[in-house]
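Asks: For reference, the structure I am asking about is given below.
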Amino acid sequence: QVQLLESGGGLVQAGGSLRLSCAVSGGTFSNLAMGWFRQAPGKEREFVAAISRSGNDTRYKGSVRGRFTISRDNAKNMVFLQMNTLQPEETALYYCAAAWAHTSSDYFASRSVYDYWGQGTQVTVSS
């Protein structure tokens, strides 16, 4: 059973930065495409960023492109989300997700594709 554990959330002022981490255990990490999603109170969980098994292919929600960077370390079974220039409207619970991928270049933006989810880490951006 694959398990995901997020960390790195917290309180930051608008314009600040945070780096989220997700530790993955219980599976062959290099066979998993990874993603980050977020859910604000009263809203649907939305896609933020995704990365392929190899780490060479990434995709971002339009509003975060250029400010957020997703990366992975296959040797350490970790995936990261560097978030810069955070805005108050990005306050949310951020989730790490994993999906079995057939090819090294697959990555997924659809929530329904993901097989495993972490418990989330809270990010609060104050104005």
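All residue names refer to the structure tokens as shown: chains lettered A, B, ... in order, residues numbered from 1 in each chain, ligands numbered from 1 in order.
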May I have a table of the residues of range 17-55 of chain A lying at most 9 Å from range 119-123 of chain A, giving each one's closest pair of atoms and their distance in Å to one decimal, counting only C-alpha atoms, ordered by chain and ascending residue number, as a Markdown table?
Replies:
| residue | atom | partner | partner_atom | distance |
| --- | --- | --- | --- | --- |
| A:Leu18 | CA | A:Val123 | CA | 8.5 |
| A:Leu20 | CA | A:Thr121 | CA | 8.2 |
| A:Arg38 | CA | A:Gly120 | CA | 8.4 |
Asks: Restrict the selected residues to all heavy atoms and save them as a tab-separated table (two decimals), in the first residue's frame.
Replies:
chain	number	residue	atom	x	y	z
A	18	LEU	N	7.02	29.14	0.20
A	18	LEU	CA	7.02	27.91	0.99
A	18	LEU	C	7.45	26.77	0.08
A	18	LEU	O	7.22	26.81	-1.13
A	18	LEU	CB	5.63	27.59	1.54
A	18	LEU	CG	5.13	28.35	2.77
A	18	LEU	CD1	3.68	27.98	3.05
A	18	LEU	CD2	6.00	28.09	3.99
A	20	LEU	N	6.83	22.73	-0.11
A	20	LEU	CA	6.14	21.55	0.38
A	20	LEU	C	6.92	20.31	-0.02
A	20	LEU	O	7.51	20.25	-1.10
A	20	LEU	CB	4.74	21.47	-0.19
A	20	LEU	CG	3.83	22.69	0.03
A	20	LEU	CD1	2.43	22.41	-0.52
A	20	LEU	CD2	3.78	23.09	1.48
A	38	ARG	N	-4.93	21.25	-4.39
A	38	ARG	CA	-5.26	22.06	-3.23
A	38	ARG	C	-6.77	22.21	-3.13
A	38	ARG	O	-7.49	22.17	-4.12
A	38	ARG	CB	-4.58	23.42	-3.28
A	38	ARG	CG	-5.04	24.31	-4.42
A	38	ARG	CD	-4.14	25.55	-4.52
A	38	ARG	NE	-4.57	26.43	-5.60
A	38	ARG	CZ	-3.85	27.45	-6.06
A	38	ARG	NH1	-2.64	27.72	-5.52
A	38	ARG	NH2	-4.30	28.21	-7.03
Asks: Which of these, A:Ala49, A:Ala101, A:Val12, A:Leu4, has the shortest distance to Asn77 in chain A once you count only C-alpha atoms?
Replies: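 Selected residue with least distance to Asn77 in chain A: A:Leu4.
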Asks: When DSSP works through the backbone of this structure, what residues of chain A end up as strand (DSSP E or B), shown as a ChimeraX atom specification?
Replies: /A:3-7,10-13,18-25,32-39,46-51,58-60,65,68-73,78-83,92-100,116-117,121-126
Asks: With only C-alpha atoms as the atoms that count, which of A:Ala40, A:Ala97, A:Ala109, A:Val125 lies nearest to Cys22 in chain A?
Replies: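 Nearest candidate to Cys22 in chain A out of A:Ala40, A:Ala97, A:Ala109, A:Val125: A:Ala97.
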Asks: CA of Ala23 in chain A and CA of Ser63 in chain A, how far apart in Å?
Replies: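 Going from CA of Ser63 in chain A over to CA of Ala23 in chain A covers 25.6 Å.
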Asks: Rank A:Ser105, A:Ser25, A:Thr91, A:Ser126 by their smallest atom-to-atom distance to Gln39 in chain A, using only C-alpha atoms, and report the top residue only.
Replies: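 Using only C-alpha atoms, Gln39 in chain A sits closest to A:Thr91.
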Asks: Would you kindly return, as an MDAnalysis selection string, each protein, DNA or RNA residue with an atom no farther than 12 Å from any atom of Ser21 in chain A, considering only C-alpha atoms and excluding same-chain residues fewer than 3 positions away?
Replies: chainID A and resid 4:9 18 24 34:36 69:73 76:83 94:97 118 120:121
Asks: Can you write out the residues you just picked, keeping C-alpha atoms, as a PDB file, in the first residue's frame?
Replies:
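Resulting contents of out-v2.pdb:
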ATOM      1  CA  LEU A   4       2.064   9.699   1.210  1.00  0.00           C
ATOM      2  CA  LEU A   5       3.015  12.174   3.895  1.00  0.00           C
ATOM      3  CA  GLU A   6       3.085  15.893   3.193  1.00  0.00           C
ATOM      4  CA  SER A   7       5.013  18.485   5.163  1.00  0.00           C
ATOM      5  CA  GLY A   8       6.174  22.060   4.855  1.00  0.00           C
ATOM      6  CA  GLY A   9       2.920  23.962   5.097  1.00  0.00           C
ATOM      7  CA  LEU A  18       7.020  27.911   0.989  1.00  0.00           C
ATOM      8  CA  VAL A  24       6.261   8.312  -0.424  1.00  0.00           C
ATOM      9  CA  MET A  34       2.980  12.550  -8.887  1.00  0.00           C
ATOM     10  CA  GLY A  35       0.771  15.567  -8.454  1.00  0.00           C
ATOM     11  CA  TRP A  36      -0.122  18.386  -6.100  1.00  0.00           C
ATOM     12  CA  THR A  69       7.942  24.448  -9.353  1.00  0.00           C
ATOM     13  CA  ILE A  70       7.299  20.752  -8.919  1.00  0.00           C
ATOM     14  CA  SER A  71      10.265  18.402  -8.660  1.00  0.00           C
ATOM     15  CA  ARG A  72      11.087  14.922  -7.465  1.00  0.00           C
ATOM     16  CA  ASP A  73      13.995  12.949  -6.082  1.00  0.00           C
ATOM     17  CA  LYS A  76      14.792   9.591  -1.828  1.00  0.00           C
ATOM     18  CA  ASN A  77      11.171   8.829  -2.788  1.00  0.00           C
ATOM     19  CA  MET A  78      10.245  12.479  -2.419  1.00  0.00           C
ATOM     20  CA  VAL A  79       8.317  15.049  -4.406  1.00  0.00           C
ATOM     21  CA  PHE A  80       8.426  18.784  -3.778  1.00  0.00           C
ATOM     22  CA  LEU A  81       6.457  21.899  -4.569  1.00  0.00           C
ATOM     23  CA  GLN A  82       8.336  25.175  -4.380  1.00  0.00           C
ATOM     24  CA  MET A  83       5.820  27.996  -4.141  1.00  0.00           C
ATOM     25  CA  TYR A  94      -2.440  21.126  -0.206  1.00  0.00           C
ATOM     26  CA  TYR A  95      -2.472  17.443  -1.105  1.00  0.00           C
ATOM     27  CA  CYS A  96       0.143  15.200  -2.626  1.00  0.00           C
ATOM     28  CA  ALA A  97      -1.161  12.464  -4.938  1.00  0.00           C
ATOM     29  CA  GLY A 118      -1.878  12.182   1.448  1.00  0.00           C
ATOM     30  CA  GLY A 120      -2.738  17.309   3.247  1.00  0.00           C
ATOM     31  CA  THR A 121      -0.697  20.172   4.658  1.00  0.00           C
TER      32      THR A 121
END
Asks: Determine the nearest neighbour of Phe108 in chain A from the options A:Arg19, A:Arg59, A:Arg45, A:Arg65, counting only C-alpha atoms.
Replies: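 Comparing A:Arg19, A:Arg59, A:Arg45, A:Arg65 against Phe108 in chain A, the winner is A:Arg59.
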Asks: Near Asn31 in chain A, counting only C-alpha atoms, which residues have an atom at most 12 Å away, once you skip same-chain residues fewer than 3 positions from it, shown as a ChimeraX atom specification?
Replies: /A:2,24,26-28,34,51-55,74,77,98-107
Asks: Mind pulling up the distance from CA of Thr85 in chain A to CA of Glu46 in chain A?
Replies: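 Rounded to one decimal, the two atoms are 19.0 Å apart.
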Asks: From a backbone DSSP assignment, name each residue in chain A labelled helix (DSSP H, G or I), as a ChimeraX atom specification.
Replies: /A:29-31,62-64,88-90,111-113
Asks: Just give me the gap between CA of Val64 in chain A and CA of Tyr114 in chain A in Å, one decimal is fine.
Replies: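 So the two atoms, CA of Val64 in chain A and CA of Tyr114 in chain A, lie 20.6 Å apart.
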Asks: Identify, on the basis of only C-alpha atoms, every residue whose closest approach to Gln13 in chain A does not exceed 9 Å; exclude the query and any residue fewer than 6 positions from it along the same chain; express the result as a PyMOL selection string.
Replies: chain A and resi 86-88+124-127
